[in-house]
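Peer 1: Dropping in protein.cif, with mmCIF, C-alpha atoms.
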```
data_entry
#
loop_
_atom_site.label_atom_id
_atom_site.label_comp_id
_atom_site.auth_asym_id
_atom_site.auth_seq_id
_atom_site.Cartn_x
_atom_site.Cartn_y
_atom_site.Cartn_z
CA MET R 30 24.08 15.09 6.99
CA ALA R 31 21.95 11.98 7.33
CA ALA R 32 23.82 8.71 7.41
CA ALA R 33 22.85 6.03 4.90
CA THR R 34 22.30 2.50 6.13
CA SER R 35 21.23 -0.74 4.47
CA PRO R 36 18.01 -2.06 5.99
CA SER R 37 16.23 -5.28 5.11
CA SER R 38 12.52 -5.68 5.61
CA PHE R 39 10.64 -8.70 6.89
CA SER R 40 7.02 -9.69 7.02
CA PHE R 41 5.33 -12.85 8.13
CA LEU R 42 1.78 -13.94 8.63
CA ARG R 43 0.06 -16.25 11.07
CA LEU R 44 -3.43 -17.34 11.96
CA HIS R 45 -4.73 -15.13 14.74
CA PRO R 46 -8.16 -14.36 16.23
CA LEU R 47 -9.17 -10.74 15.67
CA SER R 48 -10.33 -10.40 19.26
CA SER R 49 -6.73 -10.67 20.47
CA PHE R 50 -5.75 -7.36 18.89
CA PRO R 51 -5.89 -4.22 21.05
CA SER R 52 -7.34 -1.28 19.19
CA SER R 53 -3.96 0.44 19.23
CA LEU R 54 -2.57 -2.24 16.92
CA ARG R 55 -5.26 -1.86 14.32
CA ARG R 56 -4.10 1.55 13.24
CA CYS R 57 -0.34 1.68 13.65
CA ARG R 58 1.16 4.88 12.32
CA ARG R 59 4.39 6.76 12.78
CA THR R 60 4.72 10.54 12.45
CA ILE R 61 7.71 11.80 10.50
CA SER R 62 9.34 15.11 9.75
CA THR R 63 8.13 16.95 6.68
CA SER R 64 10.78 19.64 6.49
CA ARG R 65 12.05 18.48 3.09
CA CYS R 66 8.65 18.64 1.43
CA PRO R 67 7.70 22.11 0.15
CA ALA R 68 4.07 21.09 -0.35
CA MET R 69 3.49 20.78 3.34
CA ALA R 70 2.58 24.16 4.78
CA PRO R 71 -0.46 23.64 7.04
CA ILE R 72 -3.73 25.32 6.14
CA VAL R 73 -6.10 26.28 8.93
CA ALA R 74 -9.70 26.40 7.77
CA SER R 75 -11.72 29.36 8.91
CA ILE R 76 -14.50 28.49 11.35
CA ASP R 77 -16.74 31.27 10.01
CA ASN R 78 -16.24 30.86 6.28
CA THR R 79 -16.86 28.03 3.88
CA ARG R 80 -13.96 27.51 1.51
CA LYS R 81 -14.73 26.58 -2.06
CA GLU R 82 -12.56 24.05 -3.85
CA GLU R 83 -12.89 22.34 -7.21
CA ILE R 84 -11.34 19.04 -6.06
CA VAL R 85 -10.67 17.82 -2.52
CA VAL R 86 -8.63 14.67 -1.93
CA VAL R 87 -9.21 13.12 1.50
CA GLY R 88 -6.08 11.43 2.81
CA ALA R 89 -2.36 12.06 2.21
CA GLY R 90 -1.29 8.44 1.84
CA ILE R 91 0.07 6.82 -1.31
CA ALA R 92 -3.26 6.93 -3.15
CA GLY R 93 -4.04 10.52 -2.14
CA LEU R 94 -0.66 11.99 -2.97
CA ALA R 95 -0.36 10.07 -6.24
CA THR R 96 -3.85 11.22 -7.27
CA ALA R 97 -3.08 14.86 -6.43
CA LEU R 98 0.25 14.69 -8.28
CA SER R 99 -1.33 13.04 -11.33
CA LEU R 100 -3.96 15.80 -11.46
CA HIS R 101 -1.31 18.47 -10.99
CA ARG R 102 0.74 17.17 -13.92
CA LEU R 103 -2.41 17.35 -16.05
CA GLY R 104 -2.99 20.97 -15.07
CA VAL R 105 -5.73 20.33 -12.52
CA GLY R 106 -5.33 21.67 -9.00
CA SER R 107 -6.57 20.02 -5.81
CA VAL R 108 -6.42 20.27 -2.04
CA VAL R 109 -5.39 17.25 0.04
CA LEU R 110 -6.88 16.93 3.53
CA GLU R 111 -4.71 15.03 6.00
CA GLN R 112 -5.96 14.45 9.52
CA GLY R 113 -2.46 14.18 11.00
CA GLU R 114 -0.17 17.06 11.85
CA SER R 115 2.32 15.77 9.26
CA LEU R 116 2.72 12.90 6.86
CA ARG R 117 2.24 9.57 8.56
CA ALA R 118 4.41 6.68 7.48
CA GLY R 119 2.65 3.77 9.13
CA GLY R 120 4.22 0.51 8.06
CA THR R 121 7.81 -0.19 7.12
CA SER R 122 8.59 -0.90 3.48
CA LEU R 123 6.48 -2.07 0.58
CA THR R 124 7.26 -4.02 -2.56
CA LEU R 125 6.48 -2.34 -5.87
CA PHE R 126 6.27 -4.46 -9.01
CA LYS R 127 6.48 -3.41 -12.66
CA ASN R 128 2.96 -1.96 -12.77
CA GLY R 129 3.68 0.33 -9.83
CA TRP R 130 6.91 1.56 -11.44
CA ARG R 131 5.08 2.30 -14.70
CA VAL R 132 2.80 4.67 -12.79
CA LEU R 133 5.70 6.30 -10.93
CA ASP R 134 7.42 6.78 -14.30
CA SER R 135 4.29 8.45 -15.67
CA ILE R 136 4.14 10.99 -12.83
CA GLY R 137 7.85 11.74 -12.89
CA VAL R 138 9.16 10.34 -9.59
CA ALA R 139 10.40 6.85 -10.49
CA ASP R 140 14.03 7.71 -11.23
CA GLU R 141 14.46 9.58 -7.95
CA LEU R 142 13.25 6.49 -6.10
CA ARG R 143 15.25 4.04 -8.23
CA ALA R 144 18.42 5.87 -7.20
CA GLN R 145 17.71 4.95 -3.57
CA PHE R 146 16.39 1.39 -3.77
CA LEU R 147 18.09 -1.67 -5.20
CA GLN R 148 16.31 -3.75 -7.80
CA ILE R 149 15.50 -7.24 -6.52
CA GLN R 150 17.16 -9.86 -8.70
CA GLY R 151 15.58 -13.12 -7.60
CA LEU R 152 13.16 -15.05 -5.45
CA VAL R 153 13.81 -18.04 -3.20
CA MET R 154 11.16 -20.32 -1.67
CA ARG R 155 12.18 -22.34 1.37
CA ALA R 156 10.73 -24.59 4.06
CA ASP R 157 10.91 -23.50 7.68
CA ASP R 158 13.82 -25.93 8.24
CA GLY R 159 15.87 -23.92 5.75
CA ARG R 160 15.55 -26.37 2.84
CA GLU R 161 15.36 -24.59 -0.52
CA LEU R 162 12.24 -25.60 -2.44
CA ARG R 163 12.61 -23.43 -5.52
CA SER R 164 14.55 -20.39 -6.70
CA PHE R 165 14.10 -17.99 -9.60
CA VAL R 166 16.15 -15.34 -11.34
CA LEU R 167 13.61 -12.68 -12.26
CA GLU R 168 15.18 -11.54 -15.52
CA GLU R 169 15.27 -15.14 -16.77
CA GLU R 170 11.74 -16.02 -15.70
CA VAL R 171 9.97 -12.73 -16.41
CA PRO R 172 12.13 -10.46 -18.61
CA GLY R 173 11.36 -6.79 -18.04
CA GLN R 174 9.95 -7.30 -14.57
CA GLU R 175 10.98 -4.63 -12.04
CA VAL R 176 10.72 -5.27 -8.32
CA ARG R 177 12.06 -3.02 -5.58
CA ALA R 178 11.37 -2.74 -1.86
CA VAL R 179 10.65 0.91 -1.08
CA GLU R 180 10.48 2.58 2.30
CA ARG R 181 6.98 3.97 2.66
CA ARG R 182 8.17 7.19 4.28
CA VAL R 183 10.49 8.01 1.38
CA LEU R 184 7.77 7.29 -1.18
CA LEU R 185 5.32 9.62 0.56
CA GLU R 186 7.85 12.41 0.94
CA THR R 187 8.91 12.11 -2.70
CA LEU R 188 5.32 12.36 -3.94
CA ALA R 189 4.55 15.28 -1.61
CA SER R 190 7.69 17.18 -2.62
CA ARG R 191 6.44 17.42 -6.22
CA LEU R 192 3.14 19.09 -5.26
CA PRO R 193 2.65 22.87 -5.26
CA PRO R 194 3.03 24.66 -1.90
CA ASN R 195 -0.02 24.50 0.39
CA THR R 196 -1.57 21.58 -1.47
CA ILE R 197 -1.68 19.48 1.71
CA SER R 198 -3.86 20.75 4.54
CA PHE R 199 -2.72 19.10 7.77
CA SER R 200 -4.76 18.67 10.96
CA SER R 201 -7.85 18.45 8.76
CA ARG R 202 -9.89 15.51 10.00
CA LEU R 203 -13.12 14.90 8.11
CA LYS R 204 -16.21 14.92 10.33
CA SER R 205 -19.06 14.60 7.83
CA ILE R 206 -20.07 14.89 4.20
CA ILE R 207 -23.29 16.59 3.19
CA LYS R 208 -24.46 16.34 -0.40
CA GLU R 209 -25.69 19.68 -1.77
CA GLY R 210 -27.13 18.75 -5.16
CA ASN R 211 -25.47 20.46 -8.09
CA GLN R 212 -23.30 22.56 -5.78
CA GLY R 213 -21.24 19.52 -4.86
CA SER R 214 -20.50 18.28 -1.37
CA LEU R 215 -20.07 20.15 1.90
CA LEU R 216 -17.21 18.74 3.97
CA GLU R 217 -17.32 19.50 7.68
CA LEU R 218 -14.06 19.14 9.56
CA GLU R 219 -13.50 18.30 13.22
CA ASP R 220 -11.99 21.74 13.85
CA GLY R 221 -15.18 23.44 12.64
CA GLY R 222 -13.89 24.21 9.15
CA ARG R 223 -16.18 23.80 6.15
CA ILE R 224 -15.24 23.15 2.53
CA ARG R 225 -17.61 23.04 -0.41
CA ALA R 226 -16.11 20.81 -3.10
CA LYS R 227 -17.38 19.96 -6.56
CA ILE R 228 -15.40 16.71 -6.55
CA VAL R 229 -14.39 14.64 -3.50
CA ILE R 230 -11.83 11.85 -3.89
CA GLY R 231 -11.67 9.50 -0.91
CA CYS R 232 -8.13 8.16 -0.44
CA ASP R 233 -8.47 7.75 3.32
CA GLY R 234 -7.40 4.16 3.73
CA VAL R 235 -8.83 0.85 4.87
CA ARG R 236 -11.21 2.36 7.45
CA SER R 237 -12.31 5.12 5.09
CA PRO R 238 -15.04 7.47 6.39
CA VAL R 239 -15.72 8.44 2.77
CA ALA R 240 -16.33 4.80 1.79
CA LYS R 241 -18.55 4.33 4.84
CA TRP R 242 -20.58 7.40 3.84
CA MET R 243 -20.99 5.89 0.36
CA GLY R 244 -22.43 2.70 1.83
CA PHE R 245 -19.47 0.32 1.71
CA SER R 246 -19.26 -2.38 4.36
CA GLU R 247 -16.36 -2.67 6.77
CA PRO R 248 -13.44 -4.68 5.39
CA LYS R 249 -13.51 -8.34 6.42
CA TYR R 250 -10.85 -9.95 8.59
CA VAL R 251 -9.33 -12.84 6.62
CA GLY R 252 -8.23 -14.96 9.58
CA HIS R 253 -4.55 -14.15 9.97
CA CYS R 254 -2.28 -11.29 10.93
CA ALA R 255 1.06 -9.90 9.81
CA PHE R 256 4.17 -8.85 11.70
CA ARG R 257 6.30 -6.33 9.81
CA GLY R 258 9.62 -4.71 10.52
CA LEU R 259 12.68 -3.09 9.00
CA GLY R 260 16.14 -4.35 9.94
CA ILE R 261 18.90 -1.72 10.10
CA TYR R 262 22.51 -2.54 9.16
CA PRO R 263 24.70 0.56 9.74
CA GLY R 264 27.72 -1.16 8.20
CA GLY R 265 25.82 -2.57 5.23
CA GLN R 266 23.72 -5.72 5.07
CA PRO R 267 25.35 -9.00 3.94
CA TYR R 268 22.54 -10.51 1.85
CA LYS R 269 21.84 -10.81 -1.86
CA ALA R 270 19.09 -8.75 -3.49
CA LYS R 271 16.42 -11.45 -3.34
CA VAL R 272 12.97 -11.95 -1.92
CA ASN R 273 12.88 -14.93 0.44
CA TYR R 274 9.64 -16.80 1.10
CA ILE R 275 9.69 -19.27 3.99
CA TYR R 276 6.75 -21.59 4.55
CA GLY R 277 5.80 -23.24 7.85
CA ARG R 278 2.62 -24.75 9.31
CA GLY R 279 -0.01 -22.00 9.58
CA LEU R 280 2.84 -19.49 9.39
CA ARG R 281 4.89 -18.05 6.57
CA SER R 282 7.49 -15.36 6.16
CA LEU R 283 8.77 -13.02 3.51
CA PHE R 284 11.90 -10.96 3.82
CA SER R 285 13.45 -8.87 1.10
CA ILE R 286 16.86 -7.32 0.85
CA SER R 287 17.17 -3.77 -0.43
CA PRO R 288 19.39 -0.84 0.60
CA LEU R 289 17.06 1.73 2.14
CA LYS R 290 18.11 5.18 3.25
CA PHE R 291 17.49 5.89 6.95
CA ILE R 292 17.26 9.55 7.91
CA GLY R 293 17.16 10.79 11.49
CA PRO R 294 17.22 9.01 14.86
CA ARG R 295 15.04 6.06 15.76
CA ILE R 296 13.67 5.72 19.28
CA SER R 297 14.10 2.17 20.59
CA ASP R 298 11.79 1.09 23.42
CA PRO R 299 11.30 -2.44 24.77
CA SER R 300 8.56 -4.17 22.82
CA VAL R 301 6.80 -7.45 23.40
CA LEU R 302 5.87 -7.46 19.73
CA LYS R 303 9.41 -8.11 18.58
CA GLN R 304 9.90 -10.90 21.09
CA GLU R 305 6.56 -12.42 20.16
CA ALA R 306 7.59 -12.44 16.52
CA LEU R 307 10.97 -14.00 17.31
CA ASN R 308 9.36 -16.70 19.44
CA LEU R 309 7.13 -17.75 16.56
CA VAL R 310 10.08 -18.42 14.23
CA ARG R 311 12.93 -19.20 16.63
CA SER R 312 13.83 -22.43 14.76
CA TRP R 313 13.60 -20.87 11.28
CA PRO R 314 16.56 -19.99 8.99
CA MET R 315 19.17 -17.73 10.54
CA GLU R 316 18.92 -15.11 7.80
CA LEU R 317 15.36 -14.26 8.86
CA LEU R 318 16.26 -14.23 12.54
CA ASP R 319 19.23 -11.95 11.82
CA VAL R 320 17.04 -9.42 9.98
CA MET R 321 14.55 -9.50 12.84
CA GLN R 322 17.24 -9.07 15.48
CA ASN R 323 18.49 -6.00 13.59
CA THR R 324 15.03 -4.47 13.53
CA PRO R 325 14.52 -1.64 16.05
CA ASP R 326 11.70 -2.44 18.46
CA ASP R 327 9.73 0.65 17.53
CA SER R 328 9.52 -0.35 13.86
CA VAL R 329 7.82 -3.71 14.47
CA ILE R 330 4.09 -3.65 13.87
CA LYS R 331 1.39 -6.32 14.02
CA THR R 332 -1.84 -5.91 12.07
CA PRO R 333 -4.87 -8.04 11.23
CA LEU R 334 -5.22 -8.54 7.48
CA VAL R 335 -8.49 -7.53 5.86
CA ASP R 336 -10.01 -7.24 2.41
CA ARG R 337 -13.24 -6.23 0.68
CA TRP R 338 -14.61 -8.20 -2.25
CA LEU R 339 -16.46 -5.92 -4.66
CA TRP R 340 -19.32 -8.25 -5.51
CA PRO R 341 -21.23 -7.01 -8.60
CA GLY R 342 -24.76 -5.93 -7.76
CA LEU R 343 -24.09 -6.09 -4.01
CA THR R 344 -21.32 -3.53 -3.55
CA PRO R 345 -21.79 0.21 -4.18
CA SER R 346 -20.14 1.80 -7.19
CA ALA R 347 -16.79 3.49 -6.61
CA SER R 348 -18.39 6.82 -7.50
CA SER R 349 -21.64 8.60 -6.71
CA ASN R 350 -22.73 12.21 -7.20
CA GLY R 351 -19.28 13.73 -7.42
CA VAL R 352 -17.67 11.52 -4.74
CA VAL R 353 -15.26 8.72 -5.66
CA VAL R 354 -12.96 6.35 -3.75
CA VAL R 355 -9.44 5.22 -4.63
CA GLY R 356 -6.99 2.60 -3.34
CA ASP R 357 -7.56 0.95 0.04
CA ALA R 358 -10.59 3.14 0.66
CA TRP R 359 -12.30 1.24 -2.14
CA HIS R 360 -10.61 -2.15 -2.41
CA PRO R 361 -8.44 -3.18 0.56
CA MET R 362 -6.72 -6.44 -0.31
CA THR R 363 -4.37 -8.86 1.40
CA PRO R 364 -0.63 -8.50 0.67
CA ASN R 365 -0.19 -11.95 -0.86
CA LEU R 366 0.34 -10.63 -4.41
CA GLY R 367 2.08 -7.40 -3.36
CA GLN R 368 -0.52 -5.37 -5.23
CA GLY R 369 -2.14 -3.06 -2.67
CA ALA R 370 0.10 -0.05 -3.29
CA CYS R 371 0.52 -0.88 -6.99
CA CYS R 372 -3.24 -0.92 -7.56
CA ALA R 373 -3.66 2.33 -5.62
CA LEU R 374 -1.09 3.93 -7.92
CA GLU R 375 -2.91 2.56 -10.98
CA ASP R 376 -6.22 3.94 -9.66
CA SER R 377 -4.73 7.37 -9.18
CA VAL R 378 -3.44 7.85 -12.70
CA VAL R 379 -6.50 6.31 -14.39
CA LEU R 380 -8.89 8.53 -12.42
CA ALA R 381 -6.79 11.67 -12.92
CA LYS R 382 -6.66 11.20 -16.70
CA LYS R 383 -10.42 10.70 -16.94
CA LEU R 384 -11.21 13.66 -14.67
CA ALA R 385 -8.79 15.99 -16.44
CA ALA R 386 -10.39 15.18 -19.77
CA ALA R 387 -13.94 15.67 -18.44
CA ILE R 388 -13.63 18.54 -15.99
CA ARG R 389 -14.23 21.28 -18.57
CA GLY R 390 -17.39 19.56 -19.79
CA GLY R 391 -19.46 20.19 -16.66
CA GLN R 392 -20.77 17.99 -13.87
CA ASP R 393 -22.45 15.48 -16.20
CA SER R 394 -19.13 14.83 -17.92
CA VAL R 395 -17.38 14.48 -14.56
CA ASP R 396 -19.96 12.00 -13.27
CA ALA R 397 -19.63 9.99 -16.49
CA ALA R 398 -15.84 10.00 -16.15
CA MET R 399 -16.09 8.74 -12.57
CA GLN R 400 -18.45 5.95 -13.60
CA ASP R 401 -16.10 5.02 -16.41
CA TYR R 402 -13.25 4.85 -13.89
CA SER R 403 -15.34 2.68 -11.58
CA GLN R 404 -16.22 0.18 -14.29
CA GLU R 405 -12.74 0.02 -15.80
CA ARG R 406 -10.98 -0.44 -12.50
CA TRP R 407 -13.51 -2.91 -11.08
CA ALA R 408 -12.73 -5.32 -13.91
CA ARG R 409 -9.09 -5.36 -12.78
CA ILE R 410 -9.48 -5.02 -9.01
CA PHE R 411 -12.10 -7.67 -8.25
CA PRO R 412 -10.13 -10.62 -9.70
CA LEU R 413 -6.92 -9.44 -8.00
CA THR R 414 -8.61 -9.15 -4.61
CA ALA R 415 -10.07 -12.65 -4.92
CA ARG R 416 -6.82 -14.13 -6.19
CA SER R 417 -4.79 -12.55 -3.41
CA SER R 418 -7.16 -13.96 -0.81
CA LEU R 419 -7.04 -17.43 -2.38
CA VAL R 420 -3.24 -17.45 -2.52
CA GLY R 421 -3.11 -16.45 1.15
CA SER R 422 -5.50 -19.24 2.14
CA LEU R 423 -3.52 -21.85 0.23
CA LEU R 424 -0.16 -20.77 1.66
CA GLN R 425 -1.45 -20.49 5.21
CA TRP R 426 -2.09 -24.23 5.55
CA ASP R 427 -1.28 -25.86 8.89
CA ASN R 428 -2.31 -29.47 8.12
CA PRO R 429 0.95 -31.50 8.02
CA LEU R 430 -0.12 -33.58 5.01
CA VAL R 431 -1.14 -30.52 3.04
CA CYS R 432 2.10 -28.75 4.00
CA ALA R 433 4.06 -31.77 2.79
CA PHE R 434 2.23 -31.58 -0.55
CA ARG R 435 3.00 -27.86 -0.79
CA ASN R 436 6.68 -28.24 0.04
CA ASN R 437 7.39 -31.38 -2.00
CA ILE R 438 5.12 -31.11 -5.02
CA MET R 439 3.31 -27.79 -5.46
CA VAL R 440 6.20 -25.35 -4.97
CA PRO R 441 9.07 -27.41 -6.49
CA LYS R 442 7.16 -28.76 -9.50
CA LEU R 443 4.05 -26.71 -10.20
CA VAL R 444 4.86 -23.06 -9.46
CA SER R 445 5.69 -20.96 -12.53
CA LEU R 446 6.70 -17.37 -11.95
CA GLY R 447 5.76 -15.97 -15.36
CA PRO R 448 2.01 -16.72 -15.18
CA PHE R 449 1.99 -15.85 -11.47
CA LEU R 450 3.22 -12.30 -12.20
CA GLU R 451 1.13 -11.74 -15.31
CA HIS R 452 -1.09 -9.36 -13.33
CA THR R 453 1.80 -6.87 -13.11
CA ASN R 454 1.40 -6.01 -16.80
CA PHE R 455 -0.02 -2.49 -16.91
CA GLU R 456 0.65 0.12 -19.53
CA CYS R 457 0.62 3.77 -18.55
CA GLU R 458 1.34 6.79 -20.72
CA MET R 459 3.57 9.55 -19.43
CA LEU R 460 1.63 12.43 -17.90
CA GLU R 461 3.44 15.39 -19.40
CA PRO R 462 3.33 18.33 -16.98
CA VAL R 463 1.19 21.33 -17.93
CA ALA R 464 0.36 24.53 -16.09
CA SER R 465 -2.34 24.12 -13.42
CA GLY R 466 -5.61 25.84 -14.06
#
```
Spit out the file's structure as structure tokens when you get a sec.
Peer 2:
Amino acid sequence: MAAATSPSSFSFLRLHPLSSFPSSLRRCRRTISTSRCPAMAPIVASIDNTRKEEIVVVGAGIAGLATALSLHRLGVGSVVLEQGESLRAGGTSLTLFKNGWRVLDSIGVADELRAQFLQIQGLVMRADDGRELRSFVLEEEVPGQEVRAVERRVLLETLASRLPPNTISFSSRLKSIIKEGNQGSLLELEDGGRIRAKIVIGCDGVRSPVAKWMGFSEPKYVGHCAFRGLGIYPGGQPYKAKVNYIYGRGLRSLFSISPLKFIGPRISDPSVLKQEALNLVRSWPMELLDVMQNTPDDSVIKTPLVDRWLWPGLTPSASSNGVVVVGDAWHPMTPNLGQGACCALEDSVVLAKKLAAAIRGGQDSVDAAMQDYSQERWARIFPLTARSSLVGSLLQWDNPLVCAFRNNIMVPKLVSLGPFLEHTNFECEMLEPVASG
């Protein structure tokens, strides 16, 4: 019987040259057990035969699993290719706002997750000396808003557990894509397997091979990095359910309090990352230091932050000839608005609804549906990516005069939470489950 604990997550960002990052830090991932997920029986592709599939989703992250589940609920089957031997839960926790929860409601997993993660009640903004600059009660400022910190591993396992058996094909690393005209696309795997798919949905993350094949540029480093971790409190954590923002010079922190369920042992090895993070904020408020001290070494990660601005006329469309990209594969964005995972979830349900409606009309209808998805989502994604980058730049100031303006005028007198969270308004109809075709 797994013991429940009450972790608290932290994240802070600092200016950092990209050249200082070893390659091992650019793709931090952790392998987890998948025994509770019935959708996870590995599929080994035959070297001699080419499998035929209607829809192939590349990547079993949040975007890939949510897309496959959305399609499944609409009666459309798919195969998900995952290059790892099991689900990978790189990262610690993530914050989901109202728009993300609307999508999770629509695909039938929200209540299971709500039962495990506490709703965040407020937000506090503080200076690095501990002085409170501003505080908000979410229900008073933005009635109906829903914010919860969710452990990434639990979210992935919950999504995967709702898929039919054998949906996810593990150890299936994509090697190349070959377009075959009206027949679709031929996917060649590293193990020699071959899959001919009519529709390919790239959900393979920030460094997406599918996006690269479509002509997208590499995401751009924005000039600062993030340390992330998950503090573990076996006896229960002592903090209120609030998000805490702490602002310093060229450095800022966010830590949120939410009871997360920890299953299985954690391996703790000495890590310079944790000490490096502590050294950066050693004079900051004790609550942050306490969360960091209670974070197992092996859960601390450090990553450069990147994004991709989808400039009209300069950036490829999200879809082309039966291939489409979703989530971070298409629009990686900085975490300053907490919208990366939320927008990936939005993408998944919008694309699934359009594909399900068009799939019986032939390839022309499918291509039109993909283009419609691309245009509709671009109008939402491009402004959010730009806004997130701008917010990060403004809050990452290190000039003492500018920091004084931020701490004494901008945050206490000018910040309004309602308009700031207006982007979390997203309506999503329930996807009523039907039998898969």
Peer 1: Of the candidates R:Met321, R:Val329, R:Leu203, R:Ile197, which shows the shortest atom-to-atom distance to Ser107 (chain R), using all atoms listed in the file?
Peer 2: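 Checking each of R:Met321, R:Val329, R:Leu203, R:Ile197 against Ser107 (chain R), counting all atoms listed in the file, the winner is R:Ile197.
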Peer 1: Please report the interatomic distance between CA of Ser122 (chain R) and CA of Arg278 (chain R) in Å with one decimal.
Peer 2: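 Pair CA of Ser122 (chain R) / CA of Arg278 (chain R) returns 25.3 Å.
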Peer 1: Could you list, as a list in words, every residue matched by the PyMOL selection byres ((chain R and resi 112-114) around 7) in this structure?
Peer 2: Leu110, Glu111, Ser115, Leu116, Phe199, Ser200, Ser201 and Arg202 of chain R
Peer 1: Those residues with C-alpha atoms, as a CSV table (one decimal), in the frame of the given file please?
Peer 2:
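After the write, again.csv holds the following:
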```csv
chain,number,residue,atom,x,y,z
R,110,LEU,CA,-6.9,16.9,3.5
R,111,GLU,CA,-4.7,15.0,6.0
R,115,SER,CA,2.3,15.8,9.3
R,116,LEU,CA,2.7,12.9,6.9
R,199,PHE,CA,-2.7,19.1,7.8
R,200,SER,CA,-4.8,18.7,11.0
R,201,SER,CA,-7.8,18.4,8.8
R,202,ARG,CA,-9.9,15.5,10.0
```
Peer 1: Would you tabulate, counting all atoms listed in the file, all residues of region 308-388 of chain R that have an atom at most 8 Å from an atom of region 410-413 of chain R, showing the closest pair of atoms and their distance in Å to one decimal, sorted by chain then ascending number, as a Markdown table?
Peer 2:
```
| residue | atom | partner | partner_atom | distance |
| --- | --- | --- | --- | --- |
| R:Trp338 | CA | R:Phe411 | CA | 6.5 |
| R:Leu339 | CA | R:Phe411 | CA | 5.9 |
| R:Trp340 | CA | R:Phe411 | CA | 7.7 |
| R:His360 | CA | R:Ile410 | CA | 7.3 |
| R:Cys372 | CA | R:Ile410 | CA | 7.6 |
```
Peer 1: Determine the nearest neighbour of Val132 (chain R) from the options R:Ala92, R:Ala144, R:Leu215, R:Val352, counting all atoms listed in the file.
Peer 2: R:Ala92
Peer 1: Return as a PyMOL selection string the set of residues that the PyMOL selection byres ((chain R and resi 324) around 6) yields on the displayed structure.
Peer 2: chain R and resi 259-261+321-323+325
